[in-house]
Protein chains: 6
Amino acid sequence: MIREDGRKNDQIRPIKIQRGFIGTAEGSVLIEAGNTRVICTASIEEKVPLFLKDTNQGWITAEYSMLPRSTVERTPRDITRGRAAGRSHEIQRLIGRALRSVVDLSAIGERTIWIDCDVIQADGGTRTTAINGSLIALAEALQFMRKQGLIDLLPLNRLVAAISIGIVEEEELLDLDFREDSSAEVDMNLVMTSSGEIVEIQGTAEKKPFSRETLERLMILGEKGIKEILQIQKEALIDIWER
Amino acid sequence: MIREDGRKNDQIRPIKIQRGFIGTAEGSVLIEAGNTRVICTASIEEKVPLFLKDTNQGWITAEYSMLPRSTVERTPRDITRGRAAGRSHEIQRLIGRALRSVVDLSAIGERTIWIDCDVIQADGGTRTTAINGSLIALAEALQFMRKQGLIDLLPLNRLVAAISIGIVEEEELLDLDFREDSSAEVDMNLVMTSSGEIVEIQGTAEKKPFSRETLERLMILGEKGIKEILQIQKEALIDIWER
Amino acid sequence: MIREDGRKNDQIRPIKIQRGFIGTAEGSVLIEAGNTRVICTASIEEKVPLFLKDTNQGWITAEYSMLPRSTVERTPRDITRGRAAGRSHEIQRLIGRALRSVVDLSAIGERTIWIDCDVIQADGGTRTTAINGSLIALAEALQFMRKQGLIDLLPLNRLVAAISIGIVEEEELLDLDFREDSSAEVDMNLVMTSSGEIVEIQGTAEKKPFSRETLERLMILGEKGIKEILQIQKEALIDIWER
Amino acid sequence: MIREDGRKNDQIRPIKIQRGFIGTAEGSVLIEAGNTRVICTASIEEKVPLFLKDTNQGWITAEYSMLPRSTVERTPRDITRGRAAGRSHEIQRLIGRALRSVVDLSAIGERTIWIDCDVIQADGGTRTTAINGSLIALAEALQFMRKQGLIDLLPLNRLVAAISIGIVEEEELLDLDFREDSSAEVDMNLVMTSSGEIVEIQGTAEKKPFSRETLERLMILGEKGIKEILQIQKEALIDIWER
Amino acid sequence: MIREDGRKNDQIRPIKIQRGFIGTAEGSVLIEAGNTRVICTASIEEKVPLFLKDTNQGWITAEYSMLPRSTVERTPRDITRGRAAGRSHEIQRLIGRALRSVVDLSAIGERTIWIDCDVIQADGGTRTTAINGSLIALAEALQFMRKQGLIDLLPLNRLVAAISIGIVEEEELLDLDFREDSSAEVDMNLVMTSSGEIVEIQGTAEKKPFSRETLERLMILGEKGIKEILQIQKEALIDIWER
Amino acid sequence: MIREDGRKNDQIRPIKIQRGFIGTAEGSVLIEAGNTRVICTASIEEKVPLFLKDTNQGWITAEYSMLPRSTVERTPRDITRGRAAGRSHEIQRLIGRALRSVVDLSAIGERTIWIDCDVIQADGGTRTTAINGSLIALAEALQFMRKQGLIDLLPLNRLVAAISIGIVEEEELLDLDFREDSSAEVDMNLVMTSSGEIVEIQGTAEKKPFSRETLERLMILGEKGIKEILQIQKEALIDIWER
């Protein structure tokens with residue numbers, strides 16, 4: 001099988017990162033992975049959810065949505081249908097967990113950092129791209145807090161990146177685009193930190209269950225992609241994060 | 001009074017137009033007026049609302065929304081609050097009327113063109129900027145239909161543009177930014193076509209009613225702005241619209 | 001063209017005002033303009049919206065709705081459809097602005113006056129009739145406050161009235177009924193005070209844009225109607241408002 | 001105990017019936033029982049609910065709502081709270097059942113008659129007053145159908161009326177007003193036909209259960225009221241219903 | 001007529017009570033009446049609704065719902081349809097009133113006891129079965145409070161039970177199952193206490209109004225059923241309630 | 001660490017399966033894993049979602065909910081909060097995918113099998129228990145279809161089971177209860193078929209990312225649990241599934 005855009009099976013799509021994309025936000029980015037494009041912003045709110053009240057700890061939460069015409073066919077807005085898609089709920093919980101795993105929440109005080117991921121163009125991998133971009137917006141917001149004197153050190157322990165892996169027509173592919181994703185037999189998302197540890201692994205076989213050996217090979221493929229993305233994030237954050 | 005960005009009272013903000021901004025849509029644009037930035041897309045749907053069934057006529061309808069962090073303080077999403085803001089309803093009806101006034105709906109067949117205006121950064125004049133950008137996205141979508149052979153001629157009779165005018169601290173200003181708009185005594189929006197006719201006039205005096213003479217002067221100011229925007233639209237559509 | 005009810009083009013419909021229509025409310029009226037009939041009530045609440053907290057200022061806000069069978073065909077209730085019509089949002093914001101423009105909000109203390117306009121029979125001009133009736137209900141409520149000793153003087157600076165004007169089959173008409181409104185080429189609403197100033201002007205050309213000269217003529221027609229309505233309001237409020 | 005309005009314990013409030021109150025509806029009435037006032041309309045729709053499709057039978061359904069300022073304190077609209085009150089659901093089901101019990105549904109064809117009861121002023125007994133008025137609006141709508149030639153005979157077998165009875169401070173009262181209702185130990189609603197039969201009986205003891213003997217006495221009191229209301233309805237429908 | 005399950009007309013269905021059915025709740029029961037099965041739980045919350053704040057009095061409130069497949073045809077969940085059925089509202093208000101009538105609310109302190117009735121299998125009489133089971137769950141919760149030392153005595157004055165009675169094919173039946181209920185000409189629910197007094201009586205004639213004599217006979221039938229159920233409750237609560 | 005219920009780290013909780021628990025459903029079960037108890041039903045609907053129309057293929061979809069008092073603290077109903085929890089959406093999608101992976105959807109015709117999982121008592125592992133129980137209900141429903149002659153063979157290719165694994169206080173545990181789950185550093189769910197293949201793997205590190213080696217060990221632990229559950233399912237389905 002030759003991939004539509006000529007990529008090798010183990011090759012990720014080109015990633016572009018435009019920092020400070022939204023002038024009104026404490027942190028923001030337009031991130032592009034191939035034709036998938038997501039605006040991520042980070043907003044600082046001076047309060048925490050009820051369950052963290054008086055714990056001296058902060059929180060990071062995420063919202064994820066798609067513009068109606070990010071998809072090839074126009075998708076009605078959530079508000080028109082009266083509710084957010086179940087899929088959106090799943091994704092925003094994933095983004096929140098990924099980011100919280102690399103931040104020292106006790107260091108940001110009783111504040112909530114709201115991450116908003118709005119997909120403006122969708123071609124597969126919107127959730128992984130949202131995570132990869134959110135990290136940038138989050139880092140900017142933390143840097144903003146440091147400059148404001150709200151915190152002394154950047155409470156960002158590691159970087160975190162995400163990638164999809166899948167099996168399409170029996171070939172194991174890295175970073176699936178929409179067409180590949182739609183016909184995948186196995187679909188996997190991997191979130192890992194810059195210390196080489198797993199934050200999240202989600203592997204699903206809608207069409208065909210897969211063996212332990214296959215899982216092993218997909219993990220190796222995924223780790224390769226994660227490392228490349230972490231390198232791109234590192235370069236994009238050169239002024240903020242120095243490890 | 002000196003305007004924050006140094007503009008003269010009768011000067012519009014610089015407008016930037018990035019056509020084809022969303023690769024998935026039949027028409028799309030990122031339009032910027034100063035710090036106000038809106039993504040507009042146009043989507044063609046092969047059916048019409050019930051009331052136009054079997055009339056051989058098409059329809060244009062618009063939706064308008066703001067990303068949560070387009071504003072200086074993060075605004076919760078419509079879906080979180082359970083309903084679209086009344087203000088959004090008002091604006092999307094306005095956009096629809098403006099565009100329908102310059103298109104020959106009987107020439108596009110039983111199709112609906114959906115306009116989506118998503119404000120990614122808000123600094124006043126989001127509704128007028130949305131109209132100005134929507135026209136570009138609409139023209140692209142009509143051009144797309146022509147290239148597809150769905151229509152022979154471009155059913156765009158005229159161009160249409162919008163601008164705000166207002167009175168702030170007793171000075172009559174063109175194209176108000178957010179700060180100006182927030183303290184305006186009189187706030188007016190004007191939508192006019194390239195044939196010099198009025199499509200919509202909305203003038204509101206929240207703080208202080210105004211005289212007929214004031215209305216007259218504000219109209220003249222508005223017309224000046226409209227003409228400049230129409231010229232910018234014309235240049236942006238040089239390959240599509242030749243009148 | 002001869003108007004269905006035999007009126008001249010520049011003639012308003014007969015207006016009937018029944019004050020104190022709802023015994024439970026501080027102010028109330030049944031207002032009729034031809035076959036359009038609206039119940040307006042004014043309710044005093046001893047608190048203000050958040051943004052006015054501790055400002056020593058009051059607020060006036062309006063809600064507008066139509067009984068299901070006010071229309072020729074029964075219209076489902078908002079609650080059945082799950083949301084208020086966009087049109088209702090637009091109208092209630094308009095009513096609120098109109099009334100606030102003639103009241104000294106700093107004189108009523110930290111109170112909210114709720115205006116409820118419920119259309120019981122609809123034949124065009126429901127929003128203008130709602131404004132015209134709301135003023136009466138509002139005046140009654142302010143008078144109630146004076147009698148209660150909550151305020152010394154009536155903080156009503158001027159009266160305010162509203163009228164529609166439009167172009168139907170190329171004729172310029174005052175005070176359109178439903179049939180006329182449905183086929184209007186240009187539709188305009190004008191809200192003016194008893195000092196001859198404009199509070200709101202909304203002119204829309206769905207079918208055909210109009211020239212500056214047409215706007216001028218429609219304004220003159222509108223002002224004629226406004227003056228007649230102001231006179232009727234004045235007589236209805238003879239015991240309350242003496243200017 | 002002396003009742004606030006001087007009525008004897010077994011006396012109903014004065015009832016006023018203004019027929020044809022809403023010009024747009026097939027049947028309509030403004031009914032007043034003391035200070036309780038309800039607008040009832042009847043609307044004919046040329047279709048039936050799914051479960052009656054192709055059965056050659058019609059349906060009668062009711063909706064009940066209160067204007068915000070029908071109550072002494074303003075009550076927020078259903079649409080503001082996002083749902084109809086549970087109480088409203090209960091009442092509209094009751095109204096529907098009462099009316100269906102006296103109409104031959106097989107004689108009206110596959111049509112739905114929508115009854116809308118909108119309380120404009122509330123002083124207790126709104127549900128019974130709504131039933132009493134609905135019967136009038138319904139009769140008008142059936143008469144309308146007869147005049148249109150849709151039916152030959154009036155498919156109204158009997159009249160139906162409703163009244164409340166209750167125990168307040170150990171006294172058994174007929175037709176409770178709001179103040180009495182609020183402090184009632186036992187609260188009962190009775191719906192009966194002009195043939196002296198029971199359509200609905202609802203007796204509730206929130207504060208204190210009651211004996212079989214008490215039930216018996218309350219029933220007798222209720223029947224007295226029902227008979228008086230039926231007589232008033234009969235007179236109001238003199239031109240339509242002759243039995 | 002012979003009843004499907006061979007019961008005599010005046011015979012109730014066998015009742016099974018499984019106490020402590022849900023280990024997490026302060027009170028709980030699985031109650032079965034023939035094929036109707038309901039899980040009832042009682043939960044103690046350390047606060048009261050606003051209207052009871054600082055009155056030193058408690059409250060009992062109920063919620064009622066049906067599992068989607070409790071019915072012969074699967075019924076969509078409330079949340080899918082976006083609102084609770086009107087019928088559910090009616091029933092949960094009924095359950096609350098029934099229970100409150102036998103508890104001394106001033107003895108439980110400022111606490112709310114939440115009753116949840118979830119029908120897992122529905123074959124008619126779900127509301128009466130819910131009441132009968134709720135009493136058991138409530139008694140368990142009150143006993144729990146006594147054991148916790150929150151109250152000294154069991155503030156349960158009497159027991160309360162409910163039963164349905166109806167007329168099907170002109171026969172007067174006790175405790176209708178779903179099939180009987182669906183074709184009933186008269187449908188009645190009776191709630192009575194162990195002191196022989198009426199808490200609630202609801203009688204409805206959808207198909208055919210009924211006479212005072214019929215009401216009398218149905219009451220007698222109902223009382224017979226109530227007594228039998230009270231006896232079953234008494235035995236089930238032998239360790240808690242001794243009167 | 002000693003587990004609260006005395007289990008070894010690699011020991012699953014005792015599982016009880018009560019087949020045919022809901023008499024109204026084509027397939028149903030009450031499944032208990034320790035103190036976690038779930039009612040699962042399977043309902044056959046004679047239509048498919050739009051995207052499968054005319055494909056000759058069936059569908060399996062799931063809904064998941066918790067009774068308010070399944071939890072130690074009462075949880076408000078979805079309908080009260082106005083929306084299903086994001087968590088529920090995630091879980092019902094998981095259940096659907098798990099079941100679809102072992103059924104030949106082309107063999108069941110254009111039918112939808114609705115799976116309803118209602119948790120009546122929650123003590124951790126509700127989603128895995130829901131999957132384990134759903135398989136039983138599904139098998140019953142498929143058997144029902146076979147008996148009805150709708151299908152010839154049982155289109156169930158394999159069995160499917162689910163289990164949770166996690167790290168608590170640095171110990172690797174199988175089948176976490178609520179207390180363990182609440183304090184887990186790593187939380188994993190594994191869904192596997194009786195042919196030893198993976199359908200779903202979801203591993204999350206909220207508190208502390210984990211290494212590849214840890215993932216490996218948790219997988220081995222999970223597989224042990226899966227095998228034991230598959231054996232229990234096999235015995236429960238002895239009359240239906242014979243492989």
# chains A, B, ... in the order shown; residues from 1 in each chain; ligands from 1
$ select_by_dssp --residues "stretch 61-230 of chain E" --states "alpha helix (DSSP H)" --output "VMD selection string"
chain E and resid 78 to 81 86 to 100 126 to 147 178 to 182 212 to 230
$ select_by_dssp --residues "stretch 19-214 of chain A" --states "strand (DSSP E)" --output "ChimeraX atom specification"
/A:19,27-33,36-45,59-66,112-121,160-168,171-174,186-193,198-204
$ residues_around --residues "E:Gln231" --least-positions-apart "5" --cutoff "12 Å" --atoms "only C-alpha atoms" --output "list in words"
Ile15, Asn132, Leu159, Val160, Ala161, Thr193, Ser194, Lys224, Gly225, Ile226, Ala236, Leu237, Ile238, Trp241, Glu242 and Arg243 of chain E
$ write_last_selection --atoms "C-alpha atoms" --output "PDB file, in the first residue's frame"
ATOM      1  CA  ILE E  15     -46.316  -9.231  46.847  1.00  0.00           C
ATOM      2  CA  ASN E 132     -45.762   0.382  48.936  1.00  0.00           C
ATOM      3  CA  LEU E 159     -48.102   2.904  57.671  1.00  0.00           C
ATOM      4  CA  VAL E 160     -49.332   3.939  54.246  1.00  0.00           C
ATOM      5  CA  ALA E 161     -50.247   1.752  51.289  1.00  0.00           C
ATOM      6  CA  THR E 193     -53.035   4.885  56.097  1.00  0.00           C
ATOM      7  CA  SER E 194     -53.098   2.128  58.699  1.00  0.00           C
ATOM      8  CA  LYS E 224     -59.939  -4.353  51.042  1.00  0.00           C
ATOM      9  CA  GLY E 225     -56.710  -4.318  49.022  1.00  0.00           C
ATOM     10  CA  ILE E 226     -55.132  -1.614  51.153  1.00  0.00           C
ATOM     11  CA  ALA E 236     -41.938  -7.017  56.522  1.00  0.00           C
ATOM     12  CA  LEU E 237     -41.186  -4.312  59.077  1.00  0.00           C
ATOM     13  CA  ILE E 238     -41.643  -6.528  62.128  1.00  0.00           C
ATOM     14  CA  TRP E 241     -42.391  -0.956  63.489  1.00  0.00           C
ATOM     15  CA  GLU E 242     -44.426  -2.543  66.211  1.00  0.00           C
ATOM     16  CA  ARG E 243     -47.868  -1.007  66.303  1.00  0.00           C
TER      17      ARG E 243
END
$ residues_around --residues "F:Leu30" --least-positions-apart "3" --cutoff "10 Å" --atoms "only C-alpha atoms" --output "PDB file with C-alpha atoms, in the first residue's frame"
ATOM      1  CA  LYS F  16     -22.706 -14.138  40.206  1.00  0.00           C
ATOM      2  CA  ILE F  17     -24.869 -14.312  37.116  1.00  0.00           C
ATOM      3  CA  GLN F  18     -28.671 -14.441  37.297  1.00  0.00           C
ATOM      4  CA  ARG F  19     -29.976 -15.021  33.787  1.00  0.00           C
ATOM      5  CA  GLY F  20     -33.395 -13.934  32.520  1.00  0.00           C
ATOM      6  CA  PHE F  21     -33.612 -11.351  35.301  1.00  0.00           C
ATOM      7  CA  ILE F  22     -36.047  -9.024  33.498  1.00  0.00           C
ATOM      8  CA  ARG F  37     -24.176  -5.102  40.502  1.00  0.00           C
ATOM      9  CA  VAL F  38     -25.503  -4.336  37.045  1.00  0.00           C
ATOM     10  CA  ILE F  39     -28.758  -5.148  35.269  1.00  0.00           C
ATOM     11  CA  CYS F  40     -28.107  -5.736  31.557  1.00  0.00           C
ATOM     12  CA  THR F  41     -30.871  -6.174  29.012  1.00  0.00           C
ATOM     13  CA  CYS F 117     -26.650  -1.505  31.380  1.00  0.00           C
ATOM     14  CA  ASP F 118     -28.057  -0.014  34.560  1.00  0.00           C
ATOM     15  CA  VAL F 119     -25.789  -0.113  37.575  1.00  0.00           C
ATOM     16  CA  ILE F 120     -27.837  -0.718  40.710  1.00  0.00           C
ATOM     17  CA  ALA F 130     -21.358  -4.165  32.331  1.00  0.00           C
ATOM     18  CA  GLY F 133     -23.021  -9.056  31.753  1.00  0.00           C
ATOM     19  CA  SER F 134     -23.978  -7.579  28.391  1.00  0.00           C
ATOM     20  CA  ILE F 136     -24.826 -12.813  28.498  1.00  0.00           C
ATOM     21  CA  ALA F 137     -27.885 -10.679  27.707  1.00  0.00           C
TER      22      ALA F 137
END
$ residues_around --residues "D:Thr204" --least-positions-apart "4" --cutoff "7 Å" --atoms "only C-alpha atoms" --output "list in words"
Val186, Asp187 and Met188 of chain D; Val199, Glu200 and Ile201 of chain E
$ decode --residues "stretch 31-84 of chain F" --atoms "C-alpha atoms" --output "mmCIF file, in the first residue's frame"
data_model
loop_
_atom_site.group_PDB
_atom_site.id
_atom_site.type_symbol
_atom_site.label_atom_id
_atom_site.label_comp_id
_atom_site.auth_asym_id
_atom_site.auth_seq_id
_atom_site.Cartn_x
_atom_site.Cartn_y
_atom_site.Cartn_z
ATOM 1 C CA ILE F 31 -24.505 -9.682 37.114
ATOM 2 C CA GLU F 32 -22.602 -9.128 40.342
ATOM 3 C CA ALA F 33 -18.844 -8.802 40.779
ATOM 4 C CA GLY F 34 -18.284 -8.431 44.476
ATOM 5 C CA ASN F 35 -20.480 -5.511 45.492
ATOM 6 C CA THR F 36 -20.817 -4.142 41.976
ATOM 7 C CA ARG F 37 -24.176 -5.102 40.502
ATOM 8 C CA VAL F 38 -25.503 -4.336 37.045
ATOM 9 C CA ILE F 39 -28.758 -5.148 35.269
ATOM 10 C CA CYS F 40 -28.107 -5.736 31.557
ATOM 11 C CA THR F 41 -30.871 -6.174 29.012
ATOM 12 C CA ALA F 42 -30.792 -6.800 25.280
ATOM 13 C CA SER F 43 -33.644 -5.525 23.095
ATOM 14 C CA ILE F 44 -34.190 -6.270 19.434
ATOM 15 C CA GLU F 45 -35.402 -3.434 17.244
ATOM 16 C CA GLU F 46 -36.465 -4.026 13.664
ATOM 17 C CA LYS F 47 -34.446 -1.190 12.173
ATOM 18 C CA VAL F 48 -30.891 0.056 11.883
ATOM 19 C CA PRO F 49 -29.257 3.474 12.155
ATOM 20 C CA LEU F 50 -29.299 5.542 8.973
ATOM 21 C CA PHE F 51 -25.735 4.749 7.969
ATOM 22 C CA LEU F 52 -26.581 1.034 7.721
ATOM 23 C CA LYS F 53 -29.835 1.415 5.789
ATOM 24 C CA ASP F 54 -29.986 -1.055 2.909
ATOM 25 C CA THR F 55 -26.659 -2.686 3.732
ATOM 26 C CA ASN F 56 -28.191 -5.935 4.933
ATOM 27 C CA GLN F 57 -26.253 -5.519 8.136
ATOM 28 C CA GLY F 58 -27.288 -5.146 11.751
ATOM 29 C CA TRP F 59 -25.973 -3.037 14.619
ATOM 30 C CA ILE F 60 -25.352 -3.322 18.332
ATOM 31 C CA THR F 61 -25.461 -0.207 20.493
ATOM 32 C CA ALA F 62 -25.311 0.269 24.244
ATOM 33 C CA GLU F 63 -26.564 2.649 26.890
ATOM 34 C CA TYR F 64 -25.119 2.846 30.378
ATOM 35 C CA SER F 65 -26.485 4.586 33.421
ATOM 36 C CA MET F 66 -26.294 4.415 37.200
ATOM 37 C CA LEU F 67 -29.251 4.474 39.583
ATOM 38 C CA PRO F 68 -28.975 7.544 41.832
ATOM 39 C CA ARG F 69 -28.292 5.480 44.928
ATOM 40 C CA SER F 70 -25.928 2.945 43.375
ATOM 41 C CA THR F 71 -23.195 5.136 44.804
ATOM 42 C CA VAL F 72 -22.291 5.706 48.434
ATOM 43 C CA GLU F 73 -23.401 9.317 48.144
ATOM 44 C CA ARG F 74 -26.593 9.749 46.103
ATOM 45 C CA THR F 75 -25.796 11.006 42.595
ATOM 46 C CA PRO F 76 -28.416 13.211 40.887
ATOM 47 C CA ARG F 77 -30.081 11.696 37.820
ATOM 48 C CA ASP F 78 -28.834 12.652 34.345
ATOM 49 C CA ILE F 79 -32.212 14.219 33.594
ATOM 50 C CA THR F 80 -31.924 16.475 36.643
ATOM 51 C CA ARG F 81 -28.558 17.750 35.507
ATOM 52 C CA GLY F 82 -29.851 18.025 31.951
ATOM 53 C CA ARG F 83 -27.253 15.814 30.317
ATOM 54 C CA ALA F 84 -25.635 12.413 30.522
#
